[in-house]
Amino acid sequence: MQNCYNDDGNDVVYKDVVVIGNGPSGICLSYMLAGNWPYYTGEPHPSDEMLTARLHFSTRSGNEECCHAATDEEMRNGTSNRWQQQQTRTERCETKSQGRGLARSTRCKLECLSSGLEGRVGGRPLALLMDQLQHPCVDAGLDVPSLLTWKSLEQHPEHKVIDHVVLGKGQPGGAWQTMDPNVLTISLNRWMSLPDLEIREWEKFIESEQHRLANSTEDGPYQEKLNASKTPSRISVGTVAAYYKDYVRRKGLEQYFRCGTTVTSVRPVRVSNVDEVDNRYGWTVEGFENNTEKLFRYRCKRVVLATGTTDLSNRLGIPGEDSRPEWVTHDLNDLESRLDRLVDQHHDEELAGPVDPVLVIGSGLSAADAIIAARFRGIIPVLHAFRDSSTEWSKSKTERIHNKYDRLQGLPSSMYPEYHKVYEMMADGGTNYPLYKALKGYTLVGFGENRNDSMDVDEPRRRMVTLLAPDGQLKTFRVSVVAILIGYKPDLSYLEAGGIGLGKFPDKPIGGKSNPIEVDDFTYEVTKAPRAGLYALGPLVGDNFVRYILGGAFGILAHILNTSTT
């Protein structure tokens, strides 16, 4: 470790920034802190002339004034044919200056550039701005090249590298490394990309490298395949996980990543009138290495929370939920392993009777994946209990399915046939679908085990569940496995009170959708932090798609550059 100081007998590492979380949010921010900054290419936005005008005005070489000062007529002129002439002149001088660099933008400029933008699911203005630049017209189904280009410290020596470290429990990619690799993403492949290396381009690199290794020949003939454009489509989680891990290597970020660590404490340092270093490095981050249990401590000027919101599974909070791990699970991957064992056991023992049903609790994507997994195996019945949404399910079948797809953030159902089928089954109730029974409005209230009438002590105990029906009656079902898949929550145990008090609702736990951490829309500073220097981005602040994390990372970079004194 470098820059070590002794603090009460413990080694302390001093950093400008400590990033907690090595998923796509942490990776994206690290890439920028390493001196890689975004530049506007100068190309017009295909569907937003006013955004094009604001971009040209605010990134005009030498223009440091606030772009709010521009008149409407100036903006409109920026979208006329004259802007093409200005573009040519700007390109000539771009090699002599930063030209269309965005990283040094003031807050005023960012507010101006972000004004009037709308996204599919709302979103913070800076997240929408960077998404419009990185993925122009993507929601309209167009595959338009990015309006951003990325330049490194080697290309522009005036770029500043921020001394930082990224801490994560596992390999780079965060939670993506622990998901089922065979499941398809909800987002299109392009949306999963990080700066300056689109995932489709990365896939072509991998194909090229594998081709060269397999054939030990020059890659000339294969170059045509590299130049071919892959169409936007969904992609496997395993591919995304491999991409994030390899991205860190290809972009030279490994020096900043400290994987296999657990953070146990993030707290502000008490202000000292004596120690000037303490005053500048106002945060302490402590934890340990997972393998060696060696403790570490960082003192830093700024802390960034980027741990995501899928660390812990939500619980129903009923008796017995956590005391029967042999047949009650909250994890989709664990459920799939149990389903495989059920199938193997059925075949090995040549059982004549049917397999006991799997009870799935929940109506989200994880619950849908569980139902798909069970039906894929062909012999496992499914009982599916989900919340009573009478305002939706009393409507026509077409309306019910449409409302469910609103929860898929407006993506077309034609791209998600497997989820469309599950929601169709939920609306149908299971009448026309063998091995599936919908328990709409049923609530799980208890677990139990008993033997059959023979009272044979060697007979395996039957696994029973009790559910409360909408009419108030208690009903008992025999099951093989119970999968409670009702969402996830972040693990913020390293913060005081688990982060309670930092969200929109100060008395409730932090949740990416229900109660995100409140941050400034343009700096991503935590507004309710005990002192300055605490930031958050990604799902913790409600930016739940990878495509939106670029805005948060960029906002943090711009704020650091505009406020750093050294």
# chains A, B, ... in the order shown; residues from 1 in each chain; ligands from 1

call {"tool": "residues_around", "arguments": {"residues": "stretch 171-179 of chain A", "least_positions_apart": "4", "cutoff": "10 Å", "atoms": "only C-alpha atoms", "output": "short mmCIF file (atom, residue, chain, number, x, y, z; two decimals) with N, CA and C atoms, in the first residue's frame"}}
result
data_model
loop_
_atom_site.label_atom_id
_atom_site.label_comp_id
_atom_site.auth_asym_id
_atom_site.auth_seq_id
_atom_site.Cartn_x
_atom_site.Cartn_y
_atom_site.Cartn_z
N GLY A 21 -18.17 -0.78 -3.87
CA GLY A 21 -18.97 -1.49 -4.86
C GLY A 21 -18.23 -1.56 -6.19
N ASN A 22 -18.00 -2.77 -6.69
CA ASN A 22 -17.24 -2.92 -7.94
C ASN A 22 -18.09 -3.47 -9.08
N GLY A 23 -19.40 -3.15 -9.03
CA GLY A 23 -20.28 -3.47 -10.14
C GLY A 23 -20.14 -2.44 -11.25
N PRO A 24 -21.08 -2.41 -12.20
CA PRO A 24 -20.96 -1.47 -13.32
C PRO A 24 -20.88 -0.01 -12.89
N SER A 25 -21.53 0.36 -11.79
CA SER A 25 -21.44 1.75 -11.32
C SER A 25 -20.02 2.08 -10.90
N GLY A 26 -19.41 1.22 -10.08
CA GLY A 26 -18.04 1.46 -9.64
C GLY A 26 -17.05 1.41 -10.78
N ILE A 27 -17.26 0.49 -11.72
CA ILE A 27 -16.35 0.38 -12.87
C ILE A 27 -16.41 1.64 -13.72
N VAL A 166 -11.36 1.05 -5.58
CA VAL A 166 -12.70 0.47 -5.70
C VAL A 166 -12.73 -0.82 -4.90
N LEU A 167 -13.62 -0.89 -3.92
CA LEU A 167 -13.71 -2.06 -3.04
C LEU A 167 -14.93 -2.89 -3.41
N VAL A 183 -29.69 -16.82 -17.78
CA VAL A 183 -30.86 -15.96 -17.91
C VAL A 183 -30.54 -14.80 -18.83
N VAL A 237 -26.82 -13.19 -19.04
CA VAL A 237 -26.19 -12.60 -17.87
C VAL A 237 -24.71 -13.01 -17.78
N GLY A 238 -24.42 -14.26 -18.16
CA GLY A 238 -23.03 -14.73 -18.14
C GLY A 238 -22.13 -13.92 -19.05
N THR A 239 -22.63 -13.55 -20.22
CA THR A 239 -21.85 -12.71 -21.14
C THR A 239 -21.60 -11.34 -20.55
N VAL A 240 -22.63 -10.76 -19.93
CA VAL A 240 -22.48 -9.44 -19.31
C VAL A 240 -21.44 -9.50 -18.19
N ALA A 241 -21.50 -10.53 -17.36
CA ALA A 241 -20.55 -10.66 -16.25
C ALA A 241 -19.12 -10.76 -16.77
N ALA A 242 -18.93 -11.55 -17.83
CA ALA A 242 -17.59 -11.69 -18.42
C ALA A 242 -17.12 -10.37 -19.00
N TYR A 243 -18.01 -9.63 -19.61
CA TYR A 243 -17.68 -8.33 -20.20
C TYR A 243 -17.21 -7.34 -19.14
N TYR A 244 -17.93 -7.24 -18.03
CA TYR A 244 -17.55 -6.30 -16.98
C TYR A 244 -16.18 -6.64 -16.40
N LYS A 245 -15.94 -7.92 -16.18
CA LYS A 245 -14.65 -8.33 -15.63
C LYS A 245 -13.52 -8.03 -16.60
N ASP A 246 -13.74 -8.32 -17.87
CA ASP A 246 -12.70 -8.10 -18.88
C ASP A 246 -12.52 -6.62 -19.17
N TYR A 247 -13.58 -5.83 -19.02
CA TYR A 247 -13.49 -4.39 -19.24
C TYR A 247 -12.44 -3.77 -18.31
N VAL A 248 -12.47 -4.19 -17.05
CA VAL A 248 -11.50 -3.67 -16.07
C VAL A 248 -10.08 -3.97 -16.52
N ARG A 249 -9.86 -5.16 -17.05
CA ARG A 249 -8.53 -5.54 -17.52
C ARG A 249 -8.13 -4.75 -18.77
N GLU A 254 -7.23 -2.37 -13.27
CA GLU A 254 -6.98 -3.35 -12.21
C GLU A 254 -6.20 -2.76 -11.05
N PHE A 257 -8.58 -1.55 -8.36
CA PHE A 257 -9.58 -2.45 -7.79
C PHE A 257 -8.98 -3.32 -6.69
N ARG A 258 -9.68 -3.37 -5.57
CA ARG A 258 -9.31 -4.25 -4.46
C ARG A 258 -10.52 -5.16 -4.20
N CYS A 259 -10.50 -6.31 -4.85
CA CYS A 259 -11.63 -7.23 -4.78
C CYS A 259 -11.45 -8.19 -3.60
N GLY A 260 -12.51 -8.90 -3.27
CA GLY A 260 -12.46 -9.83 -2.15
C GLY A 260 -12.40 -9.14 -0.81
N ALA A 306 -21.73 2.70 -4.11
CA ALA A 306 -22.11 2.13 -5.41
C ALA A 306 -22.37 0.64 -5.28
N THR A 307 -22.97 0.24 -4.18
CA THR A 307 -23.10 -1.19 -3.87
C THR A 307 -24.35 -1.85 -4.45
N GLY A 308 -25.21 -1.10 -5.13
CA GLY A 308 -26.40 -1.71 -5.69
C GLY A 308 -27.43 -2.03 -4.63
N THR A 309 -28.50 -2.72 -5.07
CA THR A 309 -29.63 -2.94 -4.16
C THR A 309 -30.05 -4.40 -4.10
N THR A 310 -29.18 -5.34 -4.48
CA THR A 310 -29.57 -6.75 -4.51
C THR A 310 -28.76 -7.60 -3.54
N ASP A 311 -28.22 -7.00 -2.50
CA ASP A 311 -27.39 -7.75 -1.56
C ASP A 311 -28.21 -8.73 -0.72
N ASP A 331 -33.57 -17.48 -2.92
CA ASP A 331 -32.57 -17.25 -3.96
C ASP A 331 -32.93 -18.06 -5.21
N LEU A 332 -32.95 -17.39 -6.35
CA LEU A 332 -33.33 -18.05 -7.59
C LEU A 332 -32.32 -19.12 -8.00
N ASN A 333 -31.04 -18.83 -7.87
CA ASN A 333 -30.02 -19.82 -8.22
C ASN A 333 -30.14 -21.07 -7.35
#

call {"tool": "residues_around", "arguments": {"residues": "A:Tyr524", "least_positions_apart": "5", "cutoff": "12 Å", "atoms": "only C-alpha atoms", "output": "ChimeraX atom specification"}}
result
/A:107,124-127,302-306,517-519,529,532-538,540-543,549-560

call {"tool": "residues_around", "arguments": {"residues": "A:Gln132", "least_positions_apart": "2", "cutoff": "12 Å", "atoms": "only C-alpha atoms", "output": "PyMOL selection string"}}
result
chain A and resi 40+44-48+51-52+55+113-114+116-120+125-130+134-140+144-148+191+547-548+550-551

call {"tool": "write_last_selection", "arguments": {"atoms": "N, CA, C and O atoms", "output": "short mmCIF file (atom, residue, chain, number, x, y, z; two decimals), in the first residue's frame"}}
result
data_model
loop_
_atom_site.label_atom_id
_atom_site.label_comp_id
_atom_site.auth_asym_id
_atom_site.auth_seq_id
_atom_site.Cartn_x
_atom_site.Cartn_y
_atom_site.Cartn_z
N TYR A 40 -18.00 15.61 -26.62
CA TYR A 40 -19.10 15.61 -27.57
C TYR A 40 -18.52 15.54 -28.98
O TYR A 40 -17.62 16.30 -29.34
N PRO A 44 -25.09 15.99 -34.86
CA PRO A 44 -26.40 16.40 -34.35
C PRO A 44 -27.15 15.24 -33.72
O PRO A 44 -27.02 14.10 -34.16
N HIS A 45 -27.92 15.54 -32.70
CA HIS A 45 -28.80 14.53 -32.15
C HIS A 45 -29.92 14.27 -33.14
O HIS A 45 -30.56 15.23 -33.63
N PRO A 46 -30.21 13.02 -33.48
CA PRO A 46 -31.16 12.74 -34.57
C PRO A 46 -32.57 13.26 -34.34
O PRO A 46 -33.29 13.50 -35.30
N SER A 47 -32.98 13.42 -33.08
CA SER A 47 -34.38 13.78 -32.84
C SER A 47 -34.56 14.99 -31.94
O SER A 47 -35.69 15.32 -31.58
N ASP A 48 -33.48 15.65 -31.56
CA ASP A 48 -33.60 16.77 -30.64
C ASP A 48 -32.71 17.91 -31.11
O ASP A 48 -31.53 18.01 -30.76
N LEU A 51 -31.40 20.19 -28.21
CA LEU A 51 -30.26 19.62 -27.50
C LEU A 51 -28.99 19.81 -28.31
O LEU A 51 -27.93 20.15 -27.76
N THR A 52 -29.07 19.61 -29.63
CA THR A 52 -27.92 19.84 -30.50
C THR A 52 -27.43 21.27 -30.37
O THR A 52 -26.23 21.54 -30.25
N LEU A 55 -25.75 21.86 -27.02
CA LEU A 55 -24.43 21.23 -27.00
C LEU A 55 -23.41 22.07 -27.73
O LEU A 55 -22.28 22.27 -27.26
N LEU A 113 -27.95 21.98 -20.34
CA LEU A 113 -27.93 20.87 -21.29
C LEU A 113 -29.03 19.85 -20.97
O LEU A 113 -29.57 19.21 -21.88
N SER A 114 -29.35 19.70 -19.70
CA SER A 114 -30.31 18.67 -19.28
C SER A 114 -31.76 19.14 -19.33
O SER A 114 -32.67 18.33 -19.15
N GLY A 116 -35.43 20.03 -20.21
CA GLY A 116 -36.41 19.60 -21.18
C GLY A 116 -36.31 18.17 -21.65
O GLY A 116 -37.09 17.74 -22.50
N LEU A 117 -35.37 17.40 -21.11
CA LEU A 117 -35.22 16.02 -21.56
C LEU A 117 -36.21 15.12 -20.83
O LEU A 117 -36.50 15.31 -19.66
N GLU A 118 -36.70 14.13 -21.54
CA GLU A 118 -37.62 13.17 -20.96
C GLU A 118 -37.12 11.76 -21.21
O GLU A 118 -36.56 11.47 -22.27
N GLY A 119 -37.33 10.88 -20.24
CA GLY A 119 -36.92 9.49 -20.39
C GLY A 119 -38.11 8.56 -20.27
O GLY A 119 -39.23 8.99 -19.96
N ARG A 120 -37.85 7.28 -20.49
CA ARG A 120 -38.91 6.29 -20.45
C ARG A 120 -39.52 6.17 -19.07
O ARG A 120 -40.71 5.97 -18.91
N PRO A 125 -32.11 14.31 -14.28
CA PRO A 125 -31.79 15.04 -15.53
C PRO A 125 -30.42 14.70 -16.10
O PRO A 125 -30.28 14.57 -17.32
N LEU A 126 -29.40 14.56 -15.25
CA LEU A 126 -28.07 14.27 -15.77
C LEU A 126 -27.99 12.85 -16.31
O LEU A 126 -27.29 12.58 -17.30
N ALA A 127 -28.70 11.92 -15.67
CA ALA A 127 -28.76 10.55 -16.19
C ALA A 127 -29.41 10.52 -17.56
O ALA A 127 -28.96 9.82 -18.47
N LEU A 128 -30.47 11.31 -17.73
CA LEU A 128 -31.15 11.36 -19.02
C LEU A 128 -30.26 12.01 -20.08
O LEU A 128 -30.23 11.57 -21.24
N LEU A 129 -29.54 13.06 -19.70
CA LEU A 129 -28.66 13.73 -20.66
C LEU A 129 -27.59 12.79 -21.19
O LEU A 129 -27.42 12.65 -22.41
N MET A 130 -26.88 12.12 -20.28
CA MET A 130 -25.79 11.26 -20.73
C MET A 130 -26.33 10.05 -21.50
O MET A 130 -25.68 9.55 -22.42
N GLN A 134 -25.14 8.99 -25.12
CA GLN A 134 -24.53 7.68 -25.30
C GLN A 134 -25.39 6.77 -26.17
O GLN A 134 -24.88 5.99 -26.96
N HIS A 135 -26.72 6.88 -26.03
CA HIS A 135 -27.65 6.02 -26.78
C HIS A 135 -28.73 6.87 -27.44
O HIS A 135 -29.90 6.80 -27.06
N PRO A 136 -28.40 7.67 -28.43
CA PRO A 136 -29.41 8.54 -29.05
C PRO A 136 -30.56 7.73 -29.63
O PRO A 136 -30.36 6.74 -30.34
N CYS A 137 -31.79 8.13 -29.28
CA CYS A 137 -33.01 7.55 -29.88
C CYS A 137 -33.16 6.05 -29.62
O CYS A 137 -33.84 5.37 -30.38
N VAL A 138 -32.53 5.54 -28.59
CA VAL A 138 -32.60 4.10 -28.36
C VAL A 138 -34.02 3.66 -28.03
O VAL A 138 -34.45 2.55 -28.39
N ASP A 139 -34.79 4.52 -27.36
CA ASP A 139 -36.16 4.16 -27.01
C ASP A 139 -37.09 4.17 -28.22
O ASP A 139 -38.19 3.62 -28.16
N ALA A 140 -36.64 4.81 -29.29
CA ALA A 140 -37.41 4.80 -30.53
C ALA A 140 -37.06 3.60 -31.40
O ALA A 140 -37.56 3.46 -32.51
N VAL A 144 -28.34 4.18 -33.26
CA VAL A 144 -27.56 5.35 -33.69
C VAL A 144 -26.23 5.37 -32.93
O VAL A 144 -26.21 5.11 -31.73
N PRO A 145 -25.13 5.68 -33.60
CA PRO A 145 -23.84 5.75 -32.91
C PRO A 145 -23.86 6.78 -31.78
O PRO A 145 -24.59 7.77 -31.83
N SER A 146 -23.03 6.55 -30.79
CA SER A 146 -22.93 7.45 -29.66
C SER A 146 -22.47 8.84 -30.10
O SER A 146 -21.71 8.99 -31.05
N LEU A 147 -22.93 9.84 -29.39
CA LEU A 147 -22.49 11.22 -29.61
C LEU A 147 -21.33 11.58 -28.68
O LEU A 147 -20.94 12.74 -28.60
N LEU A 148 -20.80 10.59 -27.98
CA LEU A 148 -19.67 10.80 -27.08
C LEU A 148 -18.45 10.07 -27.60
O LEU A 148 -18.55 8.96 -28.14
N TRP A 191 -27.49 -1.53 -24.09
CA TRP A 191 -27.74 -0.79 -22.85
C TRP A 191 -26.82 -1.21 -21.73
O TRP A 191 -26.67 -0.49 -20.74
N ARG A 547 -27.75 1.65 -18.21
CA ARG A 547 -27.62 2.77 -19.14
C ARG A 547 -27.69 4.12 -18.44
O ARG A 547 -27.23 5.14 -18.99
N TYR A 548 -28.27 4.17 -17.23
CA TYR A 548 -28.42 5.45 -16.53
C TYR A 548 -27.29 5.74 -15.54
O TYR A 548 -27.24 6.84 -14.99
N LEU A 550 -24.20 6.14 -16.15
CA LEU A 550 -23.20 7.04 -16.72
C LEU A 550 -23.41 8.46 -16.23
O LEU A 550 -22.45 9.18 -15.95
N GLY A 551 -24.67 8.88 -16.11
CA GLY A 551 -24.95 10.24 -15.64
C GLY A 551 -24.45 10.48 -14.24
O GLY A 551 -23.86 11.53 -13.95
#

call {"tool": "residues_around", "arguments": {"residues": "A:Pro381", "least_positions_apart": "6", "cutoff": "9 Å", "atoms": "only C-alpha atoms", "output": "list of chain:residue names"}}
result
A:Pro354, A:Val355, A:Asp356, A:Pro357, A:Val358, A:Leu359, A:Ala374, A:Arg375, A:Pro434, A:Leu435, A:Tyr436, A:Lys437

call {"tool": "atom_distance", "arguments": {"atom1": "atom CA of A:Ile162", "atom2": "atom CA of A:Val546"}}
result
23.0 Å

call {"tool": "residues_around", "arguments": {"residues": "A:Arg324", "least_positions_apart": "4", "cutoff": "10 Å", "atoms": "only C-alpha atoms", "output": "JSON, numbers by chain"}}
result
{"A": [320, 328, 329, 447, 448, 482]}

call {"tool": "atom_distance", "arguments": {"atom1": "atom CA of A:Asp340", "atom2": "atom CA of A:Ser236"}}
result
20.6 Å

call {"tool": "atom_distance", "arguments": {"atom1": "atom CA of A:Pro506", "atom2": "atom CA of A:Lys528"}}
result
9.2 Å

call {"tool": "closest_residue", "arguments": {"among": "A:Lys204, A:Arg54, A:His420, A:Arg299", "to": "A:Ser115", "atoms": "only C-alpha atoms"}}
result
A:Arg54

call {"tool": "select_by_dssp", "arguments": {"residues": "stretch 357-530 of chain A", "states": "helix (DSSP H, G or I)", "output": "PyMOL selection string"}}
result
chain A and resi 365-376+390-393+397-406+413-415+417-428+496-499

call {"tool": "write_last_selection", "arguments": {"atoms": "N, CA and C atoms", "output": "CSV table (one decimal), in the first residue's frame"}}
result
chain,number,residue,atom,x,y,z
A,365,LEU,N,-40.0,-10.2,-11.7
A,365,LEU,CA,-39.3,-11.0,-12.7
A,365,LEU,C,-38.6,-12.2,-12.1
A,366,SER,N,-38.1,-12.1,-10.9
A,366,SER,CA,-37.5,-13.3,-10.3
A,366,SER,C,-38.5,-14.4,-10.1
A,367,ALA,N,-39.7,-14.1,-9.7
A,367,ALA,CA,-40.8,-15.1,-9.5
A,367,ALA,C,-41.1,-15.7,-10.9
A,368,ALA,N,-41.2,-14.8,-11.9
A,368,ALA,CA,-41.4,-15.3,-13.3
A,368,ALA,C,-40.3,-16.3,-13.7
A,369,ASP,N,-39.1,-15.9,-13.4
A,369,ASP,CA,-38.0,-16.8,-13.8
A,369,ASP,C,-38.1,-18.1,-13.1
A,370,ALA,N,-38.5,-18.1,-11.8
A,370,ALA,CA,-38.7,-19.4,-11.1
A,370,ALA,C,-39.8,-20.3,-11.7
A,371,ILE,N,-40.9,-19.7,-12.2
A,371,ILE,CA,-41.9,-20.4,-12.8
A,371,ILE,C,-41.4,-21.0,-14.1
A,372,ILE,N,-40.7,-20.2,-14.9
A,372,ILE,CA,-40.1,-20.7,-16.2
A,372,ILE,C,-39.2,-21.8,-15.9
A,373,ALA,N,-38.4,-21.7,-14.9
A,373,ALA,CA,-37.4,-22.8,-14.6
A,373,ALA,C,-38.1,-24.1,-14.2
A,374,ALA,N,-39.2,-24.0,-13.4
A,374,ALA,CA,-39.9,-25.2,-13.0
A,374,ALA,C,-40.6,-25.8,-14.2
A,375,ARG,N,-41.2,-25.0,-15.0
A,375,ARG,CA,-41.9,-25.6,-16.2
A,375,ARG,C,-41.0,-26.2,-17.2
A,376,PHE,N,-39.8,-25.6,-17.3
A,376,PHE,CA,-38.8,-26.1,-18.3
A,376,PHE,C,-38.4,-27.6,-17.9
A,390,SER,N,-56.5,-6.4,-7.5
A,390,SER,CA,-57.9,-6.5,-8.0
A,390,SER,C,-58.1,-5.3,-9.0
A,391,THR,N,-57.5,-4.2,-8.9
A,391,THR,CA,-57.7,-3.1,-9.8
A,391,THR,C,-57.2,-3.5,-11.2
A,392,GLU,N,-56.2,-4.5,-11.2
A,392,GLU,CA,-55.7,-4.9,-12.5
A,392,GLU,C,-56.4,-6.1,-13.0
A,393,TRP,N,-56.5,-7.1,-12.1
A,393,TRP,CA,-57.0,-8.4,-12.5
A,393,TRP,C,-58.5,-8.5,-12.8
A,397,LYS,N,-58.6,-9.4,-20.1
A,397,LYS,CA,-57.3,-10.1,-20.2
A,397,LYS,C,-56.2,-9.3,-20.9
A,398,THR,N,-56.6,-8.6,-22.0
A,398,THR,CA,-55.6,-7.8,-22.7
A,398,THR,C,-55.1,-6.6,-21.9
A,399,GLU,N,-56.0,-6.0,-21.1
A,399,GLU,CA,-55.6,-4.9,-20.2
A,399,GLU,C,-54.7,-5.4,-19.1
A,400,ARG,N,-55.0,-6.6,-18.6
A,400,ARG,CA,-54.2,-7.1,-17.5
A,400,ARG,C,-52.8,-7.3,-17.9
A,401,ILE,N,-52.6,-7.9,-19.1
A,401,ILE,CA,-51.3,-8.2,-19.6
A,401,ILE,C,-50.6,-6.9,-19.9
A,402,HIS,N,-51.3,-5.9,-20.4
A,402,HIS,CA,-50.7,-4.7,-20.8
A,402,HIS,C,-50.2,-4.0,-19.5
A,403,ASN,N,-51.0,-4.0,-18.4
A,403,ASN,CA,-50.6,-3.4,-17.2
A,403,ASN,C,-49.4,-4.0,-16.6
A,404,LYS,N,-49.3,-5.3,-16.7
A,404,LYS,CA,-48.1,-6.0,-16.2
A,404,LYS,C,-46.9,-5.6,-17.0
A,405,TYR,N,-47.0,-5.4,-18.3
A,405,TYR,CA,-45.9,-5.0,-19.1
A,405,TYR,C,-45.5,-3.5,-18.8
A,406,ASP,N,-46.3,-2.7,-18.2
A,406,ASP,CA,-45.9,-1.4,-17.7
A,406,ASP,C,-44.8,-1.6,-16.7
A,413,SER,N,-43.7,-6.4,-25.6
A,413,SER,CA,-43.9,-7.7,-25.2
A,413,SER,C,-43.3,-8.7,-26.2
A,414,SER,N,-43.1,-8.3,-27.5
A,414,SER,CA,-42.6,-9.3,-28.5
A,414,SER,C,-41.2,-9.7,-28.2
A,415,MET,N,-40.5,-8.8,-27.4
A,415,MET,CA,-39.1,-9.1,-27.0
A,415,MET,C,-39.0,-10.0,-25.8
A,417,PRO,N,-41.1,-12.9,-24.7
A,417,PRO,CA,-42.1,-13.9,-24.8
A,417,PRO,C,-42.3,-14.8,-23.6
A,418,GLU,N,-41.1,-15.1,-22.9
A,418,GLU,CA,-41.2,-15.9,-21.7
A,418,GLU,C,-42.0,-15.3,-20.6
A,419,TYR,N,-41.7,-13.9,-20.4
A,419,TYR,CA,-42.4,-13.2,-19.3
A,419,TYR,C,-43.9,-13.0,-19.7
A,420,HIS,N,-44.1,-12.7,-21.0
A,420,HIS,CA,-45.5,-12.6,-21.5
A,420,HIS,C,-46.3,-13.8,-21.2
A,421,LYS,N,-45.7,-15.0,-21.4
A,421,LYS,CA,-46.4,-16.2,-21.1
A,421,LYS,C,-46.7,-16.4,-19.6
A,422,VAL,N,-45.8,-16.0,-18.8
A,422,VAL,CA,-46.1,-16.1,-17.3
A,422,VAL,C,-47.2,-15.2,-16.9
A,423,TYR,N,-47.2,-14.0,-17.4
A,423,TYR,CA,-48.2,-13.1,-17.0
A,423,TYR,C,-49.6,-13.5,-17.6
A,424,GLU,N,-49.5,-14.1,-18.7
A,424,GLU,CA,-50.8,-14.7,-19.3
A,424,GLU,C,-51.3,-15.8,-18.4
A,425,MET,N,-50.4,-16.6,-17.9
A,425,MET,CA,-50.8,-17.7,-17.0
A,425,MET,C,-51.4,-17.1,-15.7
A,426,MET,N,-50.8,-16.0,-15.2
A,426,MET,CA,-51.3,-15.4,-14.0
A,426,MET,C,-52.7,-14.9,-14.3
A,427,ALA,N,-53.0,-14.3,-15.4
A,427,ALA,CA,-54.3,-13.8,-15.7
A,427,ALA,C,-55.3,-14.9,-15.9
A,428,ASP,N,-54.8,-16.0,-16.5
A,428,ASP,CA,-55.7,-17.1,-16.8
A,428,ASP,C,-56.0,-17.9,-15.5
A,496,GLU,N,-24.1,4.2,9.5
A,496,GLU,CA,-24.8,4.4,10.7
A,496,GLU,C,-26.3,4.1,10.5
A,497,ALA,N,-26.9,3.3,11.4
A,497,ALA,CA,-28.3,3.0,11.3
A,497,ALA,C,-28.7,2.4,10.0
A,498,GLY,N,-27.7,1.7,9.3
A,498,GLY,CA,-28.0,1.1,8.1
A,498,GLY,C,-28.4,2.0,6.9
A,499,GLY,N,-28.1,3.3,7.1
A,499,GLY,CA,-28.4,4.2,6.0
A,499,GLY,C,-29.8,4.9,6.2

call {"tool": "select_by_dssp", "arguments": {"residues": "stretch 278-359 of chain A", "states": "strand (DSSP E)", "output": "count of residues only"}}
result
24

call {"tool": "residues_around", "arguments": {"residues": "stretch 465-474 of chain A", "least_positions_apart": "5", "cutoff": "8 Å", "atoms": "only C-alpha atoms", "output": "PyMOL selection string"}}
result
chain A and resi 441-448+479
